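Enquirer: Before we start, here is the structure in question, set down as structure tokens.
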Amino acid sequence: MRKYIIAGNWKMNKNLSEAIQLVSDLKNELAGKTLNADVIIAPPFVNLETVNSLIKDSVIKLAAQNMHFADSGAFTGEISAQMLKSVGCEYVILGHSERRTIFGETDEMINKKVHQAFANNITPILCCGESLEERENGKAFEIIEGQIKAGLKDLETTQIGNMIIAYEPIWAIGTGKTASPEQAQEIHAFIRKLLTELSNEETANNITIQYGGSVKPNNAKELLSQPDIDGALVGGACLKADSFRDIVLSV
Ligand code: PEP
């Protein structure tokens, strides 16, 4: 049985005191609630250690927003998987569209990062998604297939089975435009079929495929009730404890 997983990507938001406040609020909001989803938060690197100490007595798990693919060395400004592990990260978001488009990350780099995450016992959350232009030109399926095949290159079936995939149409990220539940379901079903080809049916059926792109408390329930949508990767709406709580409680 696959799990619902709701992850909050804080992006470049919240200084240390704001991070402490948000995590404390979120813990209070979730305390005593029956949760049907795993909850992950991905604060900026500098806040990971503090946030990790604050969530130890809670259900919340820790992710990083990115990492480098090398073990260590002369990579000024970068962070390694081993460093993330040492401050409590169990997950890492890889291949977010902002990393691909703003920072020039290629499918090849992302694939190396996926391998490096597994080598350090960190679960990758691999993002994929098409731009508006690609969708309008009928290329969405082709783009997503390319990103997933490249991202999963040379992985073992068991590793594929231990990943999280996040479908995030670029045109829906931070824009307030959400894919309709039907549009999102169509892509999620396509991704699951592709994962079946890349692994096997049982493995693919157990993989959590999150939707991301302007998920808010008022649209989460409908999106998450689609058969192949198993969670959400949330940007803007995770920056307030009550709206993130409402999304978590919508499954
Ligand atoms: C994201 O960046 O992963 C995201 C989905 O952002 P938002 O929810 O703000 O669209």
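So you can find residues: chains in the structure tokens are A, B, ... in the order shown, residues in each start at 1, and ligands are numbered from 1 in order.
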May I ask you to write as a PyMOL selection string all residues lying at most 9 Å from ligand 1, with only C-alpha atoms and all ligand atoms counted?
Expert: chain A and resi 7-11+96-98+127+166+168-178+211-216+232-238
Enquirer: Skipping near chain neighbours, those fewer than 2 positions away, what residues fall within 12 Å of Glu142 (chain A) using only C-alpha atoms, listed as a PDB file with all heavy atoms, in the first residue's frame?
Expert:
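What follows is the written file result_29.pdb:
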```
ATOM      1  N   CYS A 128       9.431  16.529 -11.484  1.00  0.00           N
ATOM      2  CA  CYS A 128       9.367  16.608 -12.942  1.00  0.00           C
ATOM      3  C   CYS A 128       8.178  17.496 -13.299  1.00  0.00           C
ATOM      4  O   CYS A 128       7.299  17.718 -12.466  1.00  0.00           O
ATOM      5  CB  CYS A 128       9.185  15.217 -13.549  1.00  0.00           C
ATOM      6  SG  CYS A 128       7.664  14.395 -13.038  1.00  0.00           S
ATOM      7  N   GLY A 129       8.173  17.993 -14.497  1.00  0.00           N
ATOM      8  CA  GLY A 129       7.025  18.807 -14.908  1.00  0.00           C
ATOM      9  C   GLY A 129       7.329  19.626 -16.137  1.00  0.00           C
ATOM     10  O   GLY A 129       8.493  19.965 -16.389  1.00  0.00           O
ATOM     11  N   GLU A 130       6.284  19.928 -16.862  1.00  0.00           N
ATOM     12  CA  GLU A 130       6.429  20.644 -18.128  1.00  0.00           C
ATOM     13  C   GLU A 130       6.141  22.132 -17.975  1.00  0.00           C
ATOM     14  O   GLU A 130       5.422  22.538 -17.067  1.00  0.00           O
ATOM     15  CB  GLU A 130       5.483  20.031 -19.180  1.00  0.00           C
ATOM     16  CG  GLU A 130       4.020  20.473 -19.105  1.00  0.00           C
ATOM     17  CD  GLU A 130       3.219  19.886 -17.953  1.00  0.00           C
ATOM     18  OE1 GLU A 130       3.781  19.129 -17.141  1.00  0.00           O
ATOM     19  OE2 GLU A 130       2.014  20.208 -17.837  1.00  0.00           O
ATOM     20  N   SER A 131       6.686  22.928 -18.902  1.00  0.00           N
ATOM     21  CA  SER A 131       6.371  24.363 -18.921  1.00  0.00           C
ATOM     22  C   SER A 131       5.042  24.563 -19.650  1.00  0.00           C
ATOM     23  O   SER A 131       4.525  23.634 -20.294  1.00  0.00           O
ATOM     24  CB  SER A 131       7.477  25.129 -19.655  1.00  0.00           C
ATOM     25  OG  SER A 131       7.471  24.768 -21.024  1.00  0.00           O
ATOM     26  N   GLU A 134       5.500  23.948 -23.341  1.00  0.00           N
ATOM     27  CA  GLU A 134       5.572  22.516 -23.673  1.00  0.00           C
ATOM     28  C   GLU A 134       4.179  21.882 -23.635  1.00  0.00           C
ATOM     29  O   GLU A 134       3.829  21.077 -24.492  1.00  0.00           O
ATOM     30  CB  GLU A 134       6.534  21.811 -22.703  1.00  0.00           C
ATOM     31  CG  GLU A 134       7.990  22.186 -22.974  1.00  0.00           C
ATOM     32  CD  GLU A 134       8.938  21.949 -21.795  1.00  0.00           C
ATOM     33  OE1 GLU A 134       8.486  21.686 -20.656  1.00  0.00           O
ATOM     34  OE2 GLU A 134      10.151  22.047 -22.025  1.00  0.00           O
ATOM     35  N   ARG A 135       3.381  22.289 -22.653  1.00  0.00           N
ATOM     36  CA  ARG A 135       2.011  21.745 -22.587  1.00  0.00           C
ATOM     37  C   ARG A 135       1.214  22.174 -23.806  1.00  0.00           C
ATOM     38  O   ARG A 135       0.552  21.371 -24.453  1.00  0.00           O
ATOM     39  CB  ARG A 135       1.317  22.197 -21.286  1.00  0.00           C
ATOM     40  CG  ARG A 135      -0.150  21.789 -21.220  1.00  0.00           C
ATOM     41  CD  ARG A 135      -0.710  21.833 -19.821  1.00  0.00           C
ATOM     42  NE  ARG A 135      -0.347  20.649 -19.052  1.00  0.00           N
ATOM     43  CZ  ARG A 135      -1.125  19.570 -18.887  1.00  0.00           C
ATOM     44  NH1 ARG A 135      -2.310  19.519 -19.457  1.00  0.00           N
ATOM     45  NH2 ARG A 135      -0.723  18.549 -18.169  1.00  0.00           N
ATOM     46  N   ASN A 137       2.215  22.934 -26.645  1.00  0.00           N
ATOM     47  CA  ASN A 137       2.687  22.283 -27.873  1.00  0.00           C
ATOM     48  C   ASN A 137       2.493  20.766 -27.839  1.00  0.00           C
ATOM     49  O   ASN A 137       3.070  20.037 -28.651  1.00  0.00           O
ATOM     50  CB  ASN A 137       4.173  22.581 -28.107  1.00  0.00           C
ATOM     51  CG  ASN A 137       4.379  24.039 -28.475  1.00  0.00           C
ATOM     52  OD1 ASN A 137       3.476  24.665 -29.033  1.00  0.00           O
ATOM     53  ND2 ASN A 137       5.544  24.586 -28.164  1.00  0.00           N
ATOM     54  N   GLY A 138       1.735  20.284 -26.855  1.00  0.00           N
ATOM     55  CA  GLY A 138       1.431  18.849 -26.785  1.00  0.00           C
ATOM     56  C   GLY A 138       2.630  18.001 -26.383  1.00  0.00           C
ATOM     57  O   GLY A 138       2.678  16.803 -26.696  1.00  0.00           O
ATOM     58  N   LYS A 139       3.588  18.630 -25.670  1.00  0.00           N
ATOM     59  CA  LYS A 139       4.822  17.895 -25.358  1.00  0.00           C
ATOM     60  C   LYS A 139       4.920  17.448 -23.892  1.00  0.00           C
ATOM     61  O   LYS A 139       5.957  16.932 -23.478  1.00  0.00           O
ATOM     62  CB  LYS A 139       6.032  18.788 -25.683  1.00  0.00           C
ATOM     63  CG  LYS A 139       6.250  19.037 -27.161  1.00  0.00           C
ATOM     64  CD  LYS A 139       7.709  19.473 -27.371  1.00  0.00           C
ATOM     65  CE  LYS A 139       8.277  19.109 -28.698  1.00  0.00           C
ATOM     66  NZ  LYS A 139       7.674  19.632 -29.861  1.00  0.00           N
ATOM     67  N   ALA A 140       3.865  17.652 -23.121  1.00  0.00           N
ATOM     68  CA  ALA A 140       3.960  17.380 -21.681  1.00  0.00           C
ATOM     69  C   ALA A 140       4.408  15.939 -21.392  1.00  0.00           C
ATOM     70  O   ALA A 140       5.337  15.714 -20.609  1.00  0.00           O
ATOM     71  CB  ALA A 140       2.631  17.676 -20.996  1.00  0.00           C
ATOM     72  N   ILE A 144       7.989  14.826 -19.542  1.00  0.00           N
ATOM     73  CA  ILE A 144       7.972  14.121 -18.254  1.00  0.00           C
ATOM     74  C   ILE A 144       8.635  12.744 -18.380  1.00  0.00           C
ATOM     75  O   ILE A 144       9.424  12.334 -17.528  1.00  0.00           O
ATOM     76  CB  ILE A 144       6.518  14.022 -17.742  1.00  0.00           C
ATOM     77  CG1 ILE A 144       6.097  15.437 -17.314  1.00  0.00           C
ATOM     78  CG2 ILE A 144       6.359  13.030 -16.610  1.00  0.00           C
ATOM     79  CD1 ILE A 144       4.641  15.673 -17.284  1.00  0.00           C
ATOM     80  N   GLU A 145       8.341  12.081 -19.472  1.00  0.00           N
ATOM     81  CA  GLU A 145       8.979  10.769 -19.698  1.00  0.00           C
ATOM     82  C   GLU A 145      10.507  10.920 -19.740  1.00  0.00           C
ATOM     83  O   GLU A 145      11.230  10.148 -19.118  1.00  0.00           O
ATOM     84  CB  GLU A 145       8.472  10.160 -21.015  1.00  0.00           C
ATOM     85  CG  GLU A 145       9.100   8.819 -21.290  1.00  0.00           C
ATOM     86  CD  GLU A 145       8.416   8.053 -22.429  1.00  0.00           C
ATOM     87  OE1 GLU A 145       7.317   8.441 -22.868  1.00  0.00           O
ATOM     88  OE2 GLU A 145       9.011   7.056 -22.860  1.00  0.00           O
ATOM     89  N   GLY A 146      10.974  11.953 -20.432  1.00  0.00           N
ATOM     90  CA  GLY A 146      12.416  12.184 -20.532  1.00  0.00           C
ATOM     91  C   GLY A 146      13.025  12.467 -19.168  1.00  0.00           C
ATOM     92  O   GLY A 146      14.078  11.913 -18.806  1.00  0.00           O
ATOM     93  N   GLN A 147      12.371  13.326 -18.384  1.00  0.00           N
ATOM     94  CA  GLN A 147      12.912  13.680 -17.060  1.00  0.00           C
ATOM     95  C   GLN A 147      12.949  12.458 -16.140  1.00  0.00           C
ATOM     96  O   GLN A 147      13.918  12.251 -15.401  1.00  0.00           O
ATOM     97  CB  GLN A 147      12.069  14.796 -16.431  1.00  0.00           C
ATOM     98  CG  GLN A 147      12.226  16.136 -17.130  1.00  0.00           C
ATOM     99  CD  GLN A 147      11.244  17.178 -16.615  1.00  0.00           C
ATOM    100  OE1 GLN A 147      10.225  16.857 -16.000  1.00  0.00           O
ATOM    101  NE2 GLN A 147      11.534  18.444 -16.875  1.00  0.00           N
ATOM    102  N   ILE A 148      11.901  11.650 -16.184  1.00  0.00           N
ATOM    103  CA  ILE A 148      11.860  10.495 -15.266  1.00  0.00           C
ATOM    104  C   ILE A 148      12.853   9.417 -15.703  1.00  0.00           C
ATOM    105  O   ILE A 148      13.606   8.891 -14.876  1.00  0.00           O
ATOM    106  CB  ILE A 148      10.427   9.944 -15.138  1.00  0.00           C
ATOM    107  CG1 ILE A 148       9.592  10.989 -14.393  1.00  0.00           C
ATOM    108  CG2 ILE A 148      10.404   8.601 -14.407  1.00  0.00           C
ATOM    109  CD1 ILE A 148       8.227  10.574 -14.012  1.00  0.00           C
ATOM    110  N   LYS A 149      12.875   9.138 -16.989  1.00  0.00           N
ATOM    111  CA  LYS A 149      13.819   8.104 -17.448  1.00  0.00           C
ATOM    112  C   LYS A 149      15.255   8.518 -17.128  1.00  0.00           C
ATOM    113  O   LYS A 149      16.071   7.716 -16.677  1.00  0.00           O
ATOM    114  CB  LYS A 149      13.665   7.876 -18.945  1.00  0.00           C
ATOM    115  CG  LYS A 149      12.492   6.968 -19.279  1.00  0.00           C
ATOM    116  CD  LYS A 149      12.523   6.602 -20.748  1.00  0.00           C
ATOM    117  CE  LYS A 149      11.500   5.526 -21.066  1.00  0.00           C
ATOM    118  NZ  LYS A 149      11.177   5.461 -22.482  1.00  0.00           N
ATOM    119  N   ILE A 187      -1.663  12.911 -15.869  1.00  0.00           N
ATOM    120  CA  ILE A 187      -0.191  12.815 -15.856  1.00  0.00           C
ATOM    121  C   ILE A 187       0.273  11.796 -14.809  1.00  0.00           C
ATOM    122  O   ILE A 187       1.200  11.017 -15.051  1.00  0.00           O
ATOM    123  CB  ILE A 187       0.450  14.199 -15.587  1.00  0.00           C
ATOM    124  CG1 ILE A 187       0.053  15.210 -16.669  1.00  0.00           C
ATOM    125  CG2 ILE A 187       1.967  14.074 -15.449  1.00  0.00           C
ATOM    126  CD1 ILE A 187       0.797  15.138 -17.979  1.00  0.00           C
ATOM    127  N   PHE A 190      -0.023   8.416 -16.129  1.00  0.00           N
ATOM    128  CA  PHE A 190       1.040   8.215 -17.130  1.00  0.00           C
ATOM    129  C   PHE A 190       2.371   7.908 -16.431  1.00  0.00           C
ATOM    130  O   PHE A 190       3.106   6.998 -16.818  1.00  0.00           O
ATOM    131  CB  PHE A 190       1.140   9.481 -17.994  1.00  0.00           C
ATOM    132  CG  PHE A 190       2.319   9.484 -18.919  1.00  0.00           C
ATOM    133  CD1 PHE A 190       2.317   8.721 -20.084  1.00  0.00           C
ATOM    134  CD2 PHE A 190       3.451  10.252 -18.636  1.00  0.00           C
ATOM    135  CE1 PHE A 190       3.417   8.719 -20.943  1.00  0.00           C
ATOM    136  CE2 PHE A 190       4.544  10.258 -19.484  1.00  0.00           C
ATOM    137  CZ  PHE A 190       4.531   9.483 -20.635  1.00  0.00           C
ATOM    138  N   ILE A 191       2.667   8.675 -15.372  1.00  0.00           N
ATOM    139  CA  ILE A 191       3.927   8.454 -14.631  1.00  0.00           C
ATOM    140  C   ILE A 191       3.928   7.046 -14.025  1.00  0.00           C
ATOM    141  O   ILE A 191       4.920   6.324 -14.085  1.00  0.00           O
ATOM    142  CB  ILE A 191       4.129   9.524 -13.531  1.00  0.00           C
ATOM    143  CG1 ILE A 191       4.359  10.895 -14.173  1.00  0.00           C
ATOM    144  CG2 ILE A 191       5.282   9.149 -12.599  1.00  0.00           C
ATOM    145  CD1 ILE A 191       4.414  12.062 -13.198  1.00  0.00           C
ATOM    146  N   LEU A 194       4.674   4.539 -16.624  1.00  0.00           N
ATOM    147  CA  LEU A 194       6.102   4.605 -16.961  1.00  0.00           C
ATOM    148  C   LEU A 194       6.945   3.912 -15.879  1.00  0.00           C
ATOM    149  O   LEU A 194       7.890   3.173 -16.178  1.00  0.00           O
ATOM    150  CB  LEU A 194       6.487   6.082 -17.091  1.00  0.00           C
ATOM    151  CG  LEU A 194       7.897   6.434 -17.505  1.00  0.00           C
ATOM    152  CD1 LEU A 194       8.196   5.876 -18.896  1.00  0.00           C
ATOM    153  CD2 LEU A 194       8.060   7.962 -17.521  1.00  0.00           C
TER     154      LEU A 194
END
```
Enquirer: Counting only C-alpha atoms, which residue out of A:Asn13, A:Asn36, A:Asn219, A:Gln116 sits closest to Ala70 (chain A)?
Expert: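 The answer is A:Gln116, which sits nearest to Ala70 (chain A).
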Enquirer: Pick the closest to Asp230 (chain A) from A:Ser180, A:Asn52, A:Gln185, A:Thr203: which is it, counting only C-alpha atoms?
Expert: A:Gln185
Enquirer: Need the shell around Leu62 (chain A): protein/DNA/RNA residues with any atom at most 10 Å away, counting only C-alpha atoms. Skip same-chain ones fewer than 5 positions apart. Format as a list in words?
Expert: Ala7, Gly8, Val39, Ile40, Ile41, Ala42, Pro43, Leu48, Glu49, Val51, Asn52, Ile55, Lys56, Leu84, Lys85, Val87, Gly88, Cys89, Glu90, Tyr91 and Val92 of chain A
Enquirer: Could the residues in this selection be written to a file with all heavy atoms, as a short mmCIF file (atom, residue, chain, number, x, y, z; two decimals), in the first residue's frame?
Expert:
```cif
data_model
loop_
_atom_site.label_atom_id
_atom_site.label_comp_id
_atom_site.auth_asym_id
_atom_site.auth_seq_id
_atom_site.Cartn_x
_atom_site.Cartn_y
_atom_site.Cartn_z
N ALA A 7 4.56 17.19 1.68
CA ALA A 7 5.85 17.83 1.96
C ALA A 7 5.75 19.33 1.73
O ALA A 7 5.12 19.78 0.76
CB ALA A 7 6.93 17.23 1.04
N GLY A 8 6.39 20.06 2.61
CA GLY A 8 6.39 21.53 2.49
C GLY A 8 7.78 22.01 2.11
O GLY A 8 8.75 21.76 2.84
N VAL A 39 4.29 13.59 7.07
CA VAL A 39 4.51 15.03 6.93
C VAL A 39 6.01 15.32 6.88
O VAL A 39 6.77 14.88 7.75
CB VAL A 39 3.89 15.80 8.12
CG1 VAL A 39 4.09 17.30 7.96
CG2 VAL A 39 2.42 15.48 8.26
N ILE A 40 6.42 16.04 5.85
CA ILE A 40 7.84 16.37 5.67
C ILE A 40 7.95 17.88 5.50
O ILE A 40 7.12 18.49 4.82
CB ILE A 40 8.39 15.70 4.39
CG1 ILE A 40 8.25 14.17 4.44
CG2 ILE A 40 9.84 16.08 4.13
CD1 ILE A 40 8.59 13.47 3.13
N ILE A 41 8.99 18.46 6.09
CA ILE A 41 9.26 19.87 5.79
C ILE A 41 10.69 20.03 5.29
O ILE A 41 11.60 19.32 5.73
CB ILE A 41 9.00 20.80 7.01
CG1 ILE A 41 9.80 20.35 8.24
CG2 ILE A 41 7.51 20.89 7.31
CD1 ILE A 41 9.68 21.33 9.41
N ALA A 42 10.86 20.97 4.36
CA ALA A 42 12.18 21.21 3.77
C ALA A 42 12.57 22.68 3.97
O ALA A 42 12.32 23.52 3.10
CB ALA A 42 12.15 20.86 2.27
N PRO A 43 13.16 22.98 5.13
CA PRO A 43 13.61 24.35 5.40
C PRO A 43 14.93 24.63 4.67
O PRO A 43 15.57 23.71 4.16
CB PRO A 43 13.85 24.36 6.91
CG PRO A 43 13.40 23.04 7.43
CD PRO A 43 13.39 22.10 6.29
N LEU A 48 18.37 23.66 9.09
CA LEU A 48 18.07 22.22 9.21
C LEU A 48 18.38 21.67 10.60
O LEU A 48 17.58 20.95 11.19
CB LEU A 48 18.86 21.43 8.15
CG LEU A 48 18.36 21.59 6.71
CD1 LEU A 48 19.34 20.92 5.73
CD2 LEU A 48 16.96 20.99 6.54
N GLU A 49 19.54 22.03 11.12
CA GLU A 49 19.95 21.43 12.40
C GLU A 49 19.00 21.84 13.53
O GLU A 49 18.55 21.00 14.33
CB GLU A 49 21.39 21.87 12.73
CG GLU A 49 21.95 21.14 13.91
CD GLU A 49 23.36 21.57 14.26
OE1 GLU A 49 23.93 22.41 13.53
OE2 GLU A 49 23.88 21.06 15.26
N VAL A 51 15.89 22.96 13.20
CA VAL A 51 14.55 22.39 12.97
C VAL A 51 14.57 20.91 13.35
O VAL A 51 13.63 20.40 13.98
CB VAL A 51 14.12 22.61 11.50
CG1 VAL A 51 12.87 21.78 11.18
CG2 VAL A 51 13.87 24.08 11.22
N ASN A 52 15.65 20.22 13.03
CA ASN A 52 15.74 18.80 13.38
C ASN A 52 15.59 18.59 14.88
O ASN A 52 14.89 17.70 15.34
CB ASN A 52 17.06 18.22 12.88
CG ASN A 52 17.14 16.73 13.09
OD1 ASN A 52 16.18 16.02 12.83
ND2 ASN A 52 18.27 16.25 13.59
N ILE A 55 11.84 18.97 15.89
CA ILE A 55 10.82 18.01 15.44
C ILE A 55 11.04 16.61 16.00
O ILE A 55 10.26 15.70 15.70
CB ILE A 55 10.74 17.94 13.88
CG1 ILE A 55 12.08 17.53 13.27
CG2 ILE A 55 10.25 19.25 13.30
CD1 ILE A 55 12.05 17.36 11.76
N LYS A 56 12.08 16.44 16.81
CA LYS A 56 12.42 15.10 17.31
C LYS A 56 11.25 14.41 18.00
O LYS A 56 11.07 13.21 17.88
CB LYS A 56 13.62 15.18 18.26
CG LYS A 56 14.93 15.31 17.51
CD LYS A 56 16.06 14.53 18.19
CE LYS A 56 17.11 14.07 17.22
NZ LYS A 56 17.94 15.14 16.70
N LEU A 84 23.93 16.47 5.00
CA LEU A 84 22.47 16.48 5.24
C LEU A 84 22.09 15.38 6.21
O LEU A 84 21.30 15.59 7.13
CB LEU A 84 21.71 16.31 3.92
CG LEU A 84 21.89 17.43 2.89
CD1 LEU A 84 21.06 17.14 1.65
CD2 LEU A 84 21.51 18.79 3.47
N LYS A 85 22.66 14.21 5.98
CA LYS A 85 22.36 13.08 6.85
C LYS A 85 22.75 13.40 8.30
O LYS A 85 22.04 13.08 9.24
CB LYS A 85 23.13 11.85 6.33
CG LYS A 85 22.69 10.55 6.87
CD LYS A 85 21.36 10.11 6.29
CE LYS A 85 20.80 8.94 7.06
NZ LYS A 85 19.46 8.60 6.64
N VAL A 87 22.67 16.09 9.86
CA VAL A 87 21.76 16.99 10.59
C VAL A 87 20.31 16.48 10.53
O VAL A 87 19.37 17.24 10.76
CB VAL A 87 21.85 18.46 10.11
CG1 VAL A 87 23.19 19.05 10.46
CG2 VAL A 87 21.56 18.59 8.61
N GLY A 88 20.16 15.20 10.21
CA GLY A 88 18.85 14.57 10.38
C GLY A 88 17.95 14.53 9.15
O GLY A 88 16.77 14.19 9.27
N CYS A 89 18.49 14.84 7.97
CA CYS A 89 17.62 14.79 6.78
C CYS A 89 17.37 13.34 6.36
O CYS A 89 18.32 12.58 6.16
CB CYS A 89 18.27 15.52 5.60
SG CYS A 89 18.17 17.28 5.77
N GLU A 90 16.11 13.02 6.19
CA GLU A 90 15.75 11.69 5.68
C GLU A 90 15.38 11.75 4.21
O GLU A 90 15.30 10.72 3.54
CB GLU A 90 14.56 11.14 6.46
CG GLU A 90 14.87 10.85 7.91
CD GLU A 90 13.64 10.34 8.63
OE1 GLU A 90 13.13 9.26 8.29
OE2 GLU A 90 13.17 11.05 9.55
N TYR A 91 15.10 12.97 3.72
CA TYR A 91 14.65 13.16 2.34
C TYR A 91 15.41 14.33 1.73
O TYR A 91 15.88 15.22 2.45
CB TYR A 91 13.15 13.52 2.30
CG TYR A 91 12.25 12.48 2.93
CD1 TYR A 91 12.00 12.49 4.31
CD2 TYR A 91 11.65 11.50 2.15
CE1 TYR A 91 11.18 11.53 4.89
CE2 TYR A 91 10.83 10.54 2.73
CZ TYR A 91 10.60 10.57 4.10
OH TYR A 91 9.79 9.62 4.67
N VAL A 92 15.47 14.32 0.39
CA VAL A 92 16.00 15.50 -0.31
C VAL A 92 15.18 15.73 -1.58
O VAL A 92 14.87 14.77 -2.30
CB VAL A 92 17.52 15.35 -0.62
CG1 VAL A 92 17.82 14.15 -1.52
CG2 VAL A 92 18.08 16.62 -1.24
#
```
Enquirer: Excluding same-chain residues fewer than 5 positions from Glu222 (chain A), what lies within 10 Å of it counting only C-alpha atoms, as a list in words?
Expert: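 Contacts, with the query itself left out: Ser180, Pro181, Glu182, Ile229, Ser250 and Val251 of chain A.
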Enquirer: Convert the current residue selection to file output with N, CA and C atoms, as a compact mmCIF listing (two decimals), in the first residue's frame.
Expert:
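Output file selection.txt is given in full below:
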```txt
# COMPACT_ATOMS: atom_id res chain seq x y z
N SER A 180 -6.07 21.10 -13.11
CA SER A 180 -7.35 20.56 -12.63
C SER A 180 -7.07 19.15 -12.12
N PRO A 181 -7.92 18.64 -11.23
CA PRO A 181 -7.70 17.27 -10.74
C PRO A 181 -7.59 16.28 -11.90
N GLU A 182 -8.37 16.51 -12.97
CA GLU A 182 -8.34 15.58 -14.12
C GLU A 182 -7.01 15.69 -14.87
N ILE A 229 -2.95 10.30 -7.26
CA ILE A 229 -2.30 11.43 -6.56
C ILE A 229 -2.18 11.04 -5.09
N SER A 250 -6.35 17.16 4.86
CA SER A 250 -7.33 16.95 3.78
C SER A 250 -7.27 15.52 3.22
N VAL A 251 -6.35 14.70 3.73
CA VAL A 251 -6.38 13.28 3.32
C VAL A 251 -6.79 12.40 4.51
```
Enquirer: For the atom pair CA of Asn47 (chain A) and CA of Gln21 (chain A), what is the interatomic distance in Å to one decimal place?
Expert: 11.8 Å
Enquirer: Please report the interatomic distance between CA of Gly73 (chain A) and CA of Leu126 (chain A) in Å with one decimal.
Expert: 24.5 Å
Enquirer: What residues in region 197-241 of chain A get the DSSP label strand (DSSP E or B)? Please answer as a PyMOL selection string.
Expert: chain A and resi 208-212+231-234
Enquirer: Give me, please, the distance in Å between CA of Thr158 (chain A) and CA of Lys113 (chain A), quoted to one decimal.
Expert: 17.1 Å
Enquirer: Would you please work out which residue, of A:Leu54, A:Leu195, A:Met67, A:Ile143, is nearest to Gln82 (chain A) when using only C-alpha atoms?
Expert: A:Met67
Enquirer: Please return, as a PyMOL selection string, all residues of region 7-250 of chain A that DSSP assigns to alpha helix (DSSP H) on the basis of the backbone.
Expert: chain A and resi 16-30+48-55+81-86+97-102+107-119+132-136+140-151+157-161+181-198+201-205+217-224+241-248
Enquirer: For Tyr4 (chain A), which residue out of A:Leu22, A:Leu239, A:Ala63, A:Ala37 is the nearest one, using only C-alpha atoms?
Expert: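 Looking at the shortest contact to Tyr4 (chain A), the residue is A:Ala37.
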Enquirer: Calculated over only C-alpha atoms, which of the candidates A:Asn218, A:Thr196, A:Thr34, A:Ser225 has the smallest distance to Ile247 (chain A)?
Expert: A:Asn218
Enquirer: Which one is closest to Leu35 (chain A): A:Lys3, A:Leu155, A:Lys14, A:Val23? Count only C-alpha atoms.
Expert: A:Lys3
Enquirer: Taking 4 positions as the minimum chain separation for residues in the same chain, which residues sit within 12 Å of Asn200 (chain A) when counting only C-alpha atoms? Answer as a compact mmCIF listing (two decimals) with N, CA, C and O atoms, in the first residue's frame.
Expert:
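Result went into around09.txt, see below:
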```txt
# COMPACT_ATOMS: atom_id res chain seq x y z
N GLU A 156 18.44 0.51 -9.25
CA GLU A 156 17.89 -0.82 -9.03
C GLU A 156 16.37 -0.68 -8.84
O GLU A 156 15.91 0.37 -8.36
N THR A 157 15.66 -1.74 -9.12
CA THR A 157 14.20 -1.72 -8.93
C THR A 157 13.83 -1.37 -7.48
O THR A 157 12.91 -0.59 -7.24
N THR A 158 14.59 -1.91 -6.53
CA THR A 158 14.26 -1.60 -5.12
C THR A 158 14.46 -0.11 -4.83
O THR A 158 13.73 0.47 -4.03
N ILE A 160 14.08 2.34 -7.07
CA ILE A 160 12.93 3.03 -7.69
C ILE A 160 11.74 2.94 -6.74
O ILE A 160 11.01 3.91 -6.52
N GLY A 161 11.58 1.77 -6.14
CA GLY A 161 10.46 1.57 -5.22
C GLY A 161 10.56 2.39 -3.95
O GLY A 161 9.58 2.55 -3.23
N ARG A 192 2.80 6.63 -13.47
CA ARG A 192 2.77 5.30 -12.84
C ARG A 192 2.98 4.20 -13.90
O ARG A 192 3.68 3.22 -13.65
N LYS A 193 2.41 4.41 -15.08
CA LYS A 193 2.59 3.42 -16.15
C LYS A 193 4.09 3.37 -16.54
O LYS A 193 4.66 2.29 -16.71
N LEU A 194 4.67 4.54 -16.62
CA LEU A 194 6.10 4.60 -16.96
C LEU A 194 6.95 3.91 -15.88
O LEU A 194 7.89 3.17 -16.18
N LEU A 195 6.58 4.15 -14.61
CA LEU A 195 7.32 3.51 -13.51
C LEU A 195 7.15 1.99 -13.56
O LEU A 195 8.07 1.24 -13.19
N THR A 196 6.00 1.53 -14.03
CA THR A 196 5.79 0.09 -14.20
C THR A 196 6.78 -0.46 -15.22
O THR A 196 7.40 -1.51 -15.01
N ALA A 204 5.69 -0.13 -8.89
CA ALA A 204 5.09 1.14 -9.33
C ALA A 204 3.83 1.47 -8.52
O ALA A 204 3.57 2.63 -8.20
N ASN A 205 3.06 0.44 -8.18
CA ASN A 205 1.83 0.68 -7.43
C ASN A 205 2.09 1.16 -6.01
O ASN A 205 1.20 1.72 -5.37
N ASN A 206 3.30 0.94 -5.53
CA ASN A 206 3.62 1.36 -4.16
C ASN A 206 4.36 2.70 -4.09
O ASN A 206 4.68 3.17 -3.00
N ILE A 207 4.64 3.30 -5.23
CA ILE A 207 5.39 4.56 -5.23
C ILE A 207 4.45 5.75 -5.01
O ILE A 207 3.41 5.86 -5.66
```
